[in-house]
>>> print(open('structure-v3.cif').read())   # mmCIF, C-alpha atoms
data_input
loop_
_atom_site.label_atom_id
_atom_site.label_comp_id
_atom_site.auth_asym_id
_atom_site.auth_seq_id
_atom_site.Cartn_x
_atom_site.Cartn_y
_atom_site.Cartn_z
CA MET X 170 165.68 151.99 95.62
CA PRO X 171 167.43 148.99 93.99
CA PRO X 172 167.48 145.71 95.99
CA ARG X 173 170.47 144.60 98.00
CA THR X 174 172.30 141.30 97.56
CA ARG X 175 173.30 138.89 100.38
CA GLY X 176 176.69 140.62 100.65
CA GLY X 177 175.09 143.97 101.18
CA ASP X 178 176.08 145.52 97.82
CA ILE X 179 173.55 147.29 95.69
CA SER X 180 172.77 145.42 92.49
CA SER X 181 171.91 147.39 89.39
CA ALA X 182 169.80 144.55 87.91
CA PRO X 183 166.35 143.88 89.39
CA ARG X 184 166.12 140.60 91.25
CA ARG X 185 163.56 138.10 89.94
CA GLN X 186 160.83 136.71 92.18
CA PRO X 187 161.76 133.14 93.35
CA THR X 188 159.49 130.31 92.25
CA GLY X 189 157.52 128.10 94.66
CA SER X 190 159.88 125.14 94.23
CA GLU X 191 162.89 127.37 94.98
CA ARG X 192 161.25 128.67 98.14
CA ARG X 193 160.56 125.08 99.28
CA ARG X 194 164.15 124.05 98.65
CA ARG X 195 165.43 127.06 100.61
CA VAL X 196 163.23 126.08 103.51
CA GLN X 197 164.67 122.55 103.42
CA LEU X 198 168.21 123.88 103.34
CA ARG X 199 167.57 126.23 106.28
CA GLU X 200 166.15 123.32 108.29
CA VAL X 201 169.30 121.22 107.97
CA GLU X 202 171.86 124.03 108.32
CA PRO X 203 173.68 123.92 111.69
CA ALA X 204 173.37 126.84 114.04
CA VAL X 205 176.61 128.83 113.69
CA ASN X 206 177.67 132.37 114.39
CA ARG X 207 177.02 134.34 111.20
CA ASP X 208 179.12 137.49 111.19
CA PRO X 209 178.65 139.81 108.24
CA VAL X 210 180.93 138.66 105.42
CA GLU X 211 181.54 140.41 102.15
CA HIS X 212 180.76 138.12 99.17
CA PRO X 213 181.88 138.75 95.61
CA GLN X 214 179.19 139.96 93.27
CA HIS X 215 177.89 137.33 90.83
CA ASP X 216 174.93 136.79 88.52
CA ARG X 217 174.26 133.13 89.37
CA ASP X 218 171.08 132.28 91.25
CA GLU X 219 171.61 131.28 94.89
CA THR X 220 169.82 127.94 94.52
CA GLU X 221 171.56 126.86 91.32
CA GLU X 222 174.01 124.45 93.01
CA VAL X 223 171.45 122.68 95.16
CA PHE X 224 171.68 118.94 94.37
CA GLU X 225 168.29 117.51 93.56
CA GLY X 226 169.38 113.87 93.26
CA VAL X 227 168.20 110.71 94.93
CA PRO X 228 168.72 110.68 98.71
CA GLY X 229 171.80 108.60 99.36
CA GLY X 230 172.56 108.38 95.65
CA PRO X 231 175.73 109.33 93.78
CA ILE X 232 176.55 112.99 93.21
CA ASP X 233 178.55 112.19 90.07
CA ARG X 234 176.27 110.17 87.81
CA SER X 235 178.74 109.80 84.95
CA LEU X 236 179.58 106.26 86.12
CA LEU X 237 176.26 104.93 87.45
CA ARG X 238 174.14 106.34 84.64
CA SER X 239 171.10 104.19 85.37
CA PHE X 240 170.93 105.01 89.08
CA HIS X 241 167.73 107.04 88.70
CA ASN X 242 165.98 103.76 87.80
CA HIS X 243 167.75 101.71 90.47
CA VAL X 244 165.82 100.11 93.32
CA ALA X 245 168.05 102.00 95.78
CA ALA X 246 166.35 105.20 94.62
CA LYS X 247 162.95 103.91 95.75
CA ILE X 248 164.00 101.44 98.38
CA TRP X 249 161.36 102.40 100.91
CA ASP X 250 158.64 101.14 98.56
CA ARG X 251 160.30 97.77 97.87
CA ALA X 252 159.12 94.41 99.21
CA PRO X 253 161.28 91.25 99.22
CA LEU X 254 161.69 89.78 95.76
CA LYS X 255 159.95 86.60 94.72
CA LEU X 256 162.72 84.06 94.18
CA VAL X 257 162.65 81.60 91.29
CA ASN X 258 164.10 78.48 92.87
CA HIS X 259 163.45 74.95 91.58
CA GLY X 260 165.43 72.98 94.15
CA THR X 261 162.45 70.78 95.00
CA LYS X 262 161.52 70.16 91.35
CA LEU X 263 164.87 68.50 90.74
CA GLN X 264 163.87 65.79 93.18
CA LEU X 265 160.81 64.94 91.04
CA TRP X 266 162.98 63.43 88.30
CA GLU X 267 165.58 61.13 89.82
CA LEU X 268 168.16 59.10 87.91
CA ASP X 269 167.98 55.79 89.72
CA ALA X 270 169.48 52.40 88.79
CA GLU X 271 166.84 51.88 86.11
CA ARG X 272 168.11 54.98 84.28
CA SER X 273 171.86 54.34 84.45
CA ARG X 274 172.42 55.07 80.76
CA ILE X 275 170.91 58.54 81.13
CA SER X 276 172.86 59.07 84.36
CA GLU X 277 176.19 58.20 82.71
CA THR X 278 175.67 60.81 79.98
CA VAL X 279 174.62 63.45 82.52
CA HIS X 280 177.77 62.88 84.60
CA ARG X 281 179.98 63.19 81.51
CA SER X 282 178.26 66.48 80.64
CA GLY X 283 179.74 68.36 83.61
CA LEU X 284 176.24 69.37 84.75
CA ALA X 285 175.73 66.64 87.36
CA PRO X 286 176.74 68.88 90.31
CA PHE X 287 173.54 70.87 89.77
CA ILE X 288 171.56 67.84 90.93
CA SER X 289 173.20 67.60 94.35
CA CYS X 290 174.20 71.22 94.97
CA SER X 291 170.86 72.97 94.53
CA HIS X 292 169.48 74.47 97.73
CA ARG X 293 165.84 73.68 98.29
CA VAL X 294 165.40 76.72 100.55
CA THR X 295 166.48 80.25 99.62
CA SER X 296 166.21 83.36 101.76
CA ARG X 297 164.07 86.12 100.29
CA PRO X 298 165.22 88.89 102.69
CA MET X 299 168.92 88.08 102.33
CA LEU X 300 168.99 87.74 98.54
CA SER X 301 166.73 90.77 98.09
CA ALA X 302 168.99 92.92 100.26
CA PHE X 303 172.10 91.90 98.33
CA CYS X 304 170.30 92.52 95.03
CA GLU X 305 169.66 96.08 96.17
CA ARG X 306 173.43 96.48 96.49
CA TRP X 307 174.08 95.33 92.90
CA GLN X 308 175.19 97.90 90.33
CA PRO X 309 174.79 96.91 86.65
CA GLU X 310 177.61 99.11 85.30
CA THR X 311 180.28 97.49 87.47
CA THR X 312 178.56 94.08 87.92
CA THR X 313 179.53 94.22 91.60
CA PHE X 314 177.82 94.57 94.96
CA HIS X 315 178.48 98.04 96.43
CA LEU X 316 178.97 97.55 100.16
CA PRO X 317 179.99 100.04 102.87
CA PHE X 318 183.69 99.06 102.62
CA GLY X 319 183.91 98.72 98.83
CA GLU X 320 182.94 96.36 96.03
CA MET X 321 182.55 92.57 95.92
CA THR X 322 181.24 90.22 93.26
CA ILE X 323 180.81 86.58 92.28
CA THR X 324 183.90 85.55 90.31
CA LEU X 325 184.71 82.60 88.07
CA ASP X 326 186.74 81.24 90.99
CA ASP X 327 183.61 81.33 93.14
CA VAL X 328 181.64 79.46 90.47
CA ALA X 329 184.30 76.76 90.11
CA SER X 330 184.66 76.30 93.87
CA ILE X 331 181.00 76.44 94.82
CA LEU X 332 179.61 74.30 91.99
CA HIS X 333 182.51 72.30 90.47
CA ILE X 334 181.23 72.91 86.94
CA PRO X 335 183.56 73.81 84.02
CA ILE X 336 184.36 77.52 83.61
CA THR X 337 186.47 77.05 80.47
CA GLY X 338 185.50 75.64 77.10
CA LEU X 339 183.22 76.56 74.24
CA MET X 340 181.20 79.73 74.67
CA ILE X 341 177.43 79.30 74.77
CA SER X 342 176.28 81.53 71.95
CA PHE X 343 173.29 81.93 69.66
CA SER X 344 173.22 84.13 66.59
CA GLN X 345 169.62 85.27 67.05
CA PRO X 346 166.52 84.65 69.18
CA LEU X 347 164.60 81.47 68.48
CA ARG X 348 161.36 81.78 66.54
CA VAL X 349 158.32 79.75 67.49
CA ASP X 350 158.39 77.71 64.28
CA ASP X 351 162.05 76.86 64.83
CA ALA X 352 161.24 75.80 68.39
CA ASN X 353 158.68 73.33 67.05
CA ALA X 354 161.23 71.88 64.65
CA LEU X 355 163.76 71.43 67.46
CA LEU X 356 161.26 69.61 69.64
CA VAL X 357 160.36 67.25 66.81
CA GLU X 358 163.96 66.58 65.82
CA LEU X 359 165.72 66.38 69.18
CA LEU X 360 162.96 65.13 71.50
CA GLY X 361 161.00 62.98 69.06
CA THR X 362 157.67 64.70 69.71
CA THR X 363 155.03 65.08 67.02
CA ASP X 364 154.38 68.43 65.41
CA VAL X 365 150.92 68.46 66.99
CA GLU X 366 152.38 67.95 70.49
CA ALA X 367 154.97 70.67 69.89
CA SER X 368 152.33 73.13 68.68
CA ARG X 369 150.08 72.38 71.62
CA GLU X 370 152.92 73.05 74.07
CA LYS X 371 153.80 76.24 72.21
CA GLU X 372 150.24 77.50 72.61
CA GLN X 373 150.33 76.60 76.31
CA CYS X 374 153.52 78.59 76.95
CA ARG X 375 152.73 81.35 74.42
CA SER X 376 156.44 81.52 73.63
CA PRO X 377 159.24 79.32 72.19
CA SER X 378 159.42 77.48 75.53
CA VAL X 379 158.26 74.23 77.11
CA GLN X 380 156.96 73.65 80.60
CA LEU X 381 159.18 71.84 83.06
CA LEU X 382 156.19 69.73 84.03
CA TRP X 383 155.67 68.74 80.38
CA LEU X 384 159.26 67.46 80.18
CA ARG X 385 158.80 65.36 83.32
CA ASP X 386 155.44 63.96 82.25
CA ASN X 387 156.66 62.91 78.81
CA PHE X 388 160.19 61.64 79.48
CA SER X 389 160.70 60.70 83.14
CA THR X 390 159.28 57.21 82.55
CA ILE X 391 162.02 56.27 80.04
CA THR X 392 164.33 53.57 81.45
CA ASP X 393 167.29 51.49 80.30
CA VAL X 394 164.97 48.94 78.66
CA SER X 395 163.59 51.57 76.28
CA SER X 396 164.87 51.95 72.73
CA ASP X 397 168.14 53.74 72.02
CA ASP X 398 166.29 56.64 70.38
CA ASP X 399 163.95 57.05 73.34
CA ILE X 400 166.88 57.04 75.77
CA GLU X 401 168.63 59.70 73.69
CA PHE X 402 165.47 61.83 73.61
CA ALA X 403 164.97 61.39 77.36
CA THR X 404 168.61 62.34 78.06
CA ARG X 405 168.21 65.60 76.15
CA ALA X 406 164.91 66.27 77.94
CA PHE X 407 166.52 65.64 81.33
CA LEU X 408 169.42 68.01 80.57
CA LEU X 409 167.00 70.69 79.35
CA HIS X 410 164.95 70.22 82.51
CA LEU X 411 168.13 70.38 84.62
CA VAL X 412 169.41 73.69 83.20
CA GLY X 413 165.88 75.10 83.21
CA CYS X 414 165.64 74.44 86.95
CA THR X 415 169.11 75.78 87.72
CA LEU X 416 171.41 77.65 85.37
CA PHE X 417 168.70 79.22 83.19
CA ALA X 418 165.89 79.57 85.73
CA ASN X 419 163.72 82.39 84.41
CA LYS X 420 160.96 84.49 85.91
CA SER X 421 158.20 82.39 84.36
CA ALA X 422 159.04 79.90 87.16
CA THR X 423 157.44 77.10 85.11
CA SER X 424 159.18 76.85 81.72
CA VAL X 425 162.53 76.77 79.93
CA VAL X 426 163.41 78.28 76.55
CA VAL X 427 163.71 75.63 73.83
CA VAL X 428 166.82 77.25 72.28
CA TYR X 429 169.02 75.60 74.91
CA LEU X 430 168.05 72.24 73.47
CA GLU X 431 170.44 72.99 70.61
CA LEU X 432 173.32 72.62 73.10
CA PHE X 433 172.34 68.98 73.60
CA ARG X 434 172.13 68.04 69.93
CA ASP X 435 175.44 66.17 70.14
CA LEU X 436 175.45 64.60 73.60
CA SER X 437 179.17 63.82 73.35
CA MET X 438 179.90 67.58 73.15
CA VAL X 439 177.90 68.72 76.17
CA GLY X 440 180.90 68.57 78.49
CA SER X 441 182.95 70.89 76.26
CA TYR X 442 180.96 74.05 77.07
CA ALA X 443 181.96 76.69 79.64
CA TRP X 444 178.82 76.17 81.70
CA GLY X 445 180.22 78.07 84.68
CA ALA X 446 180.88 81.24 82.67
CA ALA X 447 177.40 81.03 81.15
CA CYS X 448 175.86 80.52 84.59
CA LEU X 449 177.65 83.62 85.90
CA ALA X 450 176.70 85.80 82.91
CA TYR X 451 173.06 84.76 83.21
CA LEU X 452 173.01 85.48 86.96
CA TYR X 453 174.64 88.87 86.39
CA ARG X 454 171.86 89.76 83.95
CA GLN X 455 169.13 88.54 86.30
CA LEU X 456 170.57 90.65 89.14
CA THR X 457 170.74 93.65 86.82
CA THR X 458 167.11 93.20 85.78
CA ALA X 459 165.97 92.77 89.38
CA THR X 460 167.53 96.11 90.41
CA ARG X 461 164.81 97.90 88.44
CA PHE X 462 162.18 99.14 90.82
CA GLU X 463 159.26 97.73 88.85
CA MET X 464 160.69 94.19 88.96
CA ARG X 465 159.34 91.82 91.59
CA GLN X 466 161.23 88.58 90.86
CA LEU X 467 164.80 87.32 90.77
CA GLY X 468 165.83 84.47 88.46
CA GLY X 469 169.12 82.76 87.68
CA TYR X 470 170.82 80.06 89.72
CA LEU X 471 170.13 81.39 93.21
CA THR X 472 172.01 78.55 94.91
CA LEU X 473 175.20 80.12 93.53
CA LEU X 474 174.30 83.54 94.93
CA GLN X 475 173.20 82.19 98.31
CA ALA X 476 176.24 79.92 98.73
CA TRP X 477 178.51 82.85 97.76
CA ILE X 478 176.98 84.94 100.55
CA TYR X 479 177.39 82.11 103.04
CA GLU X 480 181.03 81.62 102.04
CA HIS X 481 181.99 85.27 102.42
CA PHE X 482 179.74 86.22 105.36
CA PRO X 483 179.48 82.98 107.38
CA GLU X 484 179.18 84.60 110.80
CA MET X 485 176.35 86.85 109.67
CA PHE X 486 174.07 84.51 107.80
CA SER X 487 174.73 80.83 108.37
CA SER X 488 176.86 78.10 109.91
CA PRO X 489 178.59 75.31 107.96
CA ASP X 490 177.73 71.63 107.90
CA LEU X 491 180.40 70.01 110.09
CA SER X 492 180.25 66.79 108.05
CA TYR X 493 181.32 68.57 104.86
CA ILE X 494 184.53 67.38 103.17
CA GLU X 495 186.62 69.61 100.88
CA SER X 496 186.51 67.27 97.89
CA ARG X 497 182.85 68.14 97.37
CA PRO X 498 181.39 71.39 95.91
CA CYS X 499 181.36 74.20 98.46
CA ALA X 500 177.61 74.65 97.94
CA LEU X 501 177.21 71.45 99.98
CA ARG X 502 178.97 73.07 102.93
CA TRP X 503 175.74 74.89 103.74
CA GLY X 504 172.60 72.98 104.66
CA PRO X 505 169.02 74.24 104.59
CA HIS X 506 168.93 77.46 106.57
CA VAL X 507 166.01 79.86 106.86
CA ILE X 508 166.77 83.48 107.76
CA LEU X 509 163.83 84.79 109.75
CA ASP X 510 164.99 88.41 109.69
CA SER X 511 162.94 90.98 107.81
CA LEU X 512 164.25 92.71 104.72
CA GLN X 513 164.77 95.91 106.68
CA SER X 514 166.83 94.17 109.37
CA VAL X 515 169.07 92.55 106.73
CA ARG X 516 169.53 95.97 105.14
CA GLN X 517 170.64 97.35 108.48
CA ARG X 518 173.10 94.51 108.97
CA LEU X 519 174.60 95.23 105.56
CA ASP X 520 174.80 98.93 106.43
CA ARG X 521 176.92 98.05 109.48
CA LEU X 522 179.26 95.71 107.61
CA GLN X 523 183.00 96.32 107.86
CA SER X 524 185.80 94.72 105.87
CA SER X 525 186.77 92.74 108.97
CA ASP X 526 183.38 90.98 108.82
CA VAL X 527 184.21 89.46 105.42
CA CYS X 528 185.90 86.13 104.76
CA TRP X 529 187.90 87.34 101.77
CA GLU X 530 189.49 83.99 100.90
CA PRO X 531 187.03 81.25 101.88
CA TYR X 532 188.54 78.51 99.68
CA VAL X 533 192.01 78.20 101.22
CA ASP X 534 191.33 74.69 102.53
CA HIS X 535 189.64 73.84 99.23
CA ARG X 536 192.75 74.53 97.12
CA ALA X 537 194.33 71.15 97.77
CA GLU X 538 191.46 69.48 95.92
CA HIS X 539 190.65 72.31 93.51
CA PRO X 540 193.50 74.75 92.76
CA PHE X 541 192.85 78.37 91.88
CA PRO X 542 191.86 78.66 88.19
CA ASP X 543 193.99 81.23 86.37
CA ILE X 544 191.09 82.00 84.02
CA ALA X 545 189.44 83.77 86.97
CA TRP X 546 191.83 86.70 86.24
CA PHE X 547 190.27 87.19 82.81
CA SER X 548 188.87 90.71 82.44
CA GLY X 549 186.38 91.40 79.68
CA CYS X 550 182.99 89.99 78.74
CA ILE X 551 181.33 86.69 79.56
CA LYS X 552 178.46 85.38 77.50
CA CYS X 553 175.39 83.20 77.72
CA GLY X 554 173.46 83.03 74.47
CA LEU X 555 172.49 86.61 73.62
CA VAL X 556 173.41 87.82 77.12
CA VAL X 557 176.77 89.62 77.30
CA GLU X 558 177.97 90.96 80.67
CA PRO X 559 181.22 92.67 81.78
CA TYR X 560 183.46 90.73 84.16
CA HIS X 561 185.94 92.82 86.18
CA PRO X 562 188.05 90.92 88.73
CA GLU X 563 190.34 93.98 89.03
CA ARG X 564 187.55 95.71 90.96
CA VAL X 565 187.57 93.05 93.71
CA LEU X 566 191.27 92.35 94.25
CA ARG X 567 190.76 91.70 97.96
CA GLN X 568 188.84 88.55 97.04
CA PHE X 569 192.07 87.27 95.48
CA GLY X 570 194.27 88.17 98.45
CA TYR X 571 195.61 91.48 97.09
CA ILE X 572 195.33 95.14 98.09
CA GLN X 573 192.60 96.94 96.18
CA THR X 574 193.74 99.73 93.89
CA ILE X 575 191.61 102.30 92.10
CA PRO X 576 190.20 100.45 89.08
CA LEU X 577 189.69 101.81 85.59
CA ARG X 578 186.25 102.69 84.34
CA PRO X 579 184.15 99.56 83.77
CA PHE X 580 183.86 98.20 80.29
CA ALA X 581 180.43 98.71 78.72
CA PRO X 582 179.64 95.91 76.25
CA PRO X 583 177.36 96.72 73.31
CA ARG X 584 173.75 95.92 74.02
CA PRO X 585 171.59 94.06 71.47
CA ASP X 586 169.05 95.91 69.38
CA ARG X 587 165.97 95.79 71.59
CA SER X 588 163.76 96.83 68.69
CA ARG X 589 164.42 93.52 66.92
CA ARG X 590 161.53 91.16 67.38
CA CYS X 591 162.23 87.64 68.61
#
>>> encode(input="structure-v3.cif", output="structure tokens")
Amino acid sequence: MPPRTRGGDISSAPRRQPTGSERRRRVQLREVEPAVNRDPVEHPQHDRDETEEVFEGVPGGPIDRSLLRSFHNHVAAKIWDRAPLKLVNHGTKLQLWELDAERSRISETVHRSGLAPFISCSHRVTSRPMLSAFCERWQPETTTFHLPFGEMTITLDDVASILHIPITGLMISFSQPLRVDDANALLVELLGTTDVEASREKEQCRSPSVQLLWLRDNFSTITDVSSDDDIEFATRAFLLHLVGCTLFANKSATSVVVVYLELFRDLSMVGSYAWGAACLAYLYRQLTTATRFEMRQLGGYLTLLQAWIYEHFPEMFSSPDLSYIESRPCALRWGPHVILDSLQSVRQRLDRLQSSDVCWEPYVDHRAEHPFPDIAWFSGCIKCGLVVEPYHPERVLRQFGYIQTIPLRPFAPPRPDRSRRC
């Protein structure tokens, strides 16, 4: 006698034997189905297998993966196996190379460069659980944090307000990765080292980079009584050390790529670069990299990320310094603060977040000293060297005081050829 279908009709085609994986999935479905009254119902005859529409995606992940195409590799897919990230923060190293009265000529050039706020703004203490939990909420395709009430991100307005560094100017761009031989030539030309010293440092780093310690040991003793050439070399070394500890902090935690030295070739031009846009693009890329499950570190300028969290979630994570004045960078509003919560407890706090818990416009009192920059409305790509990241303020309109509408699909910039050797 031919087998019967669920609806009770007799099927002319023989029914295939279900596989082991199908039987397990049916058991799982039966376990979660609510107990309801099941009266006999006639179903239309069809040839599709009963288990065909069972979603086999990541628990808690998106059903429609056409937007978040990389979600299967995202840390949220394997979150239960994730420990807090190791944070690359050099706040204490900046204090090892001070520009005192004996180095006034170097100090004057650094202040004209627009990079001086990095010296005073950098937080010496960063919270691993808090930054790790927010990193888990980051989505590379939209370059935003996906929170229970919608999306938020770090904008150019945030960078300008928190750090007081320029967000407009020349784009920081390099045509190709720096080769080791070219790195040696840059060190000899712009820092006055010998070829032997440059080669030795190259072998130590095993890349076109120099150690931060090497820069301090070789140039921190230069003072105003030194020769003009030595002061110029030391100024470039200090600026390279400064951006290596802050803006371009990488996961090596000890070195900085020599290619950035090219930006300091003409010291009179250093202040013309859009350092804030480069800082944001680099941090976006570091957040994107850290969302991969196999990654264990987070680089970039973490003071910017931490201060952004404090500004928008002050009641949850910190309390401001009552002596702060609005003429100073907002990063200085927040003193050293250690969050003792575990990563899991911070995750739970983020899960419970509502839009009413957010300070959507934290810089209202700051506008008298630093007006809103119109360039923050720019929508497109921001760049830092070979790093190109999408920037979409239209996805976070509430951070600008507007009602959020449904945004267009995020722009996907072309990625560099990863097969090309550096």
>>> atom_distance(input="structure-v3.cif", atom1="CA of Leu491 in chain X", atom2="CA of Trp503 in chain X")
9.3 Å
>>> atom_distance(input="structure-v3.cif", atom1="CA of Phe462 in chain X", atom2="CA of Thr295 in chain X")
21.3 Å
>>> residues_around(input="structure-v3.cif", residues="range 411-425 of chain X", least_positions_apart="3", cutoff="8 Å", atoms="all atoms listed in the file", output="list in words")
Val257, Asn258, His259, Gly260, Lys262, Leu263, Phe287, Ile288, Ser291, Cys374, Ser378, Val379, Gln380, Leu381, Leu382, Phe407, Leu408, Cys448, Tyr451, Gln466, Leu467, Gly468, Gly469, Tyr470 and Leu471 of chain X
>>> residues_around(input="structure-v3.cif", residues="range 274-282 of chain X", least_positions_apart="5", cutoff="8 Å", atoms="only C-alpha atoms", output="NGL selection string")
:X and (268-269 or 393 or 400-401 or 403-404 or 408 or 436-441)
>>> residues_around(input="structure-v3.cif", residues="range 314-321 of chain X", least_positions_apart="4", cutoff="7 Å", atoms="all atoms listed in the file", output="ChimeraX atom specification")
/X:306-308,520,522-524,564-565
>>> atom_distance(input="structure-v3.cif", atom1="CA of His481 in chain X", atom2="CA of Trp529 in chain X")
6.3 Å
>>> residues_around(input="structure-v3.cif", residues="range 233-239 of chain X", least_positions_apart="5", cutoff="10 Å", atoms="all atoms listed in the file", output="list in words")
Gly226, Gln308, Pro309, Glu310, Thr311, Arg461, Arg578 and Pro579 of chain X
>>> closest_residue(input="structure-v3.cif", among="X:Thr392, X:Thr261, X:Thr324, X:Ser342", to="Tyr442 in chain X", atoms="all atoms listed in the file")
X:Ser342
>>> closest_residue(input="structure-v3.cif", among="X:Val428, X:Leu347, X:Ala302, X:Gln264", to="Ala459 in chain X", atoms="all atoms listed in the file")
X:Ala302
>>> residues_near_point(input="structure-v3.cif", point="(190.0, 75.7, 101.9)", cutoff="12 Å", atoms="all atoms listed in the file", output="list of chain:residue names")
X:Ser330, X:Ile331, X:Glu480, X:Tyr493, X:Ile494, X:Glu495, X:Ser496, X:Arg497, X:Pro498, X:Cys499, X:Arg502, X:Cys528, X:Trp529, X:Glu530, X:Pro531, X:Tyr532, X:Val533, X:Asp534, X:His535, X:Arg536, X:Ala537, X:Glu538, X:His539, X:Pro540, X:Phe541
>>> write_last_selection(input="structure-v3.cif", atoms="C-alpha atoms", output="compact mmCIF listing (two decimals), in the frame of the given file")
# COMPACT_ATOMS: atom_id res chain seq x y z
CA SER X 330 184.66 76.30 93.87
CA ILE X 331 181.00 76.44 94.82
CA GLU X 480 181.03 81.62 102.04
CA TYR X 493 181.32 68.57 104.86
CA ILE X 494 184.53 67.38 103.17
CA GLU X 495 186.62 69.61 100.88
CA SER X 496 186.51 67.27 97.89
CA ARG X 497 182.85 68.14 97.37
CA PRO X 498 181.39 71.39 95.91
CA CYS X 499 181.36 74.20 98.46
CA ARG X 502 178.97 73.07 102.93
CA CYS X 528 185.90 86.13 104.76
CA TRP X 529 187.90 87.34 101.77
CA GLU X 530 189.49 83.99 100.90
CA PRO X 531 187.03 81.25 101.88
CA TYR X 532 188.54 78.51 99.68
CA VAL X 533 192.01 78.20 101.22
CA ASP X 534 191.33 74.69 102.53
CA HIS X 535 189.64 73.84 99.23
CA ARG X 536 192.75 74.53 97.12
CA ALA X 537 194.33 71.15 97.77
CA GLU X 538 191.46 69.48 95.92
CA HIS X 539 190.65 72.31 93.51
CA PRO X 540 193.50 74.75 92.76
CA PHE X 541 192.85 78.37 91.88
>>> closest_residue(input="structure-v3.cif", among="X:Ile544, X:Ala406, X:Leu509, X:Ala443", to="Leu325 in chain X", atoms="all atoms listed in the file")
X:Ile544
>>> closest_residue(input="structure-v3.cif", among="X:Leu430, X:Thr313, X:Cys304, X:Thr337", to="Leu360 in chain X", atoms="all atoms listed in the file")
X:Leu430
>>> residues_near_point(input="structure-v3.cif", point="(168.1, 69.2, 72.1)", cutoff="9 Å", atoms="all atoms listed in the file", output="JSON, numbers by chain")
{"X": [355, 356, 358, 359, 360, 402, 405, 406, 408, 409, 427, 428, 429, 430, 431, 432, 433, 434, 435, 436]}
>>> resolve_selection(input="structure-v3.cif", expression="the PyMOL selection byres ((chain X and resi 559) around 12)", output="ChimeraX atom specification")
/X:308-313,322,324,446,449-451,453-454,457,547-553,556-558,560-564,578-584
>>> closest_residue(input="structure-v3.cif", among="X:Leu501, X:Leu474, X:Cys290, X:Val527", to="Ile323 in chain X", atoms="all atoms listed in the file")
X:Leu474
>>> closest_residue(input="structure-v3.cif", among="X:Arg567, X:Pro346, X:Asp510, X:His410", to="Ser389 in chain X", atoms="all atoms listed in the file")
X:His410
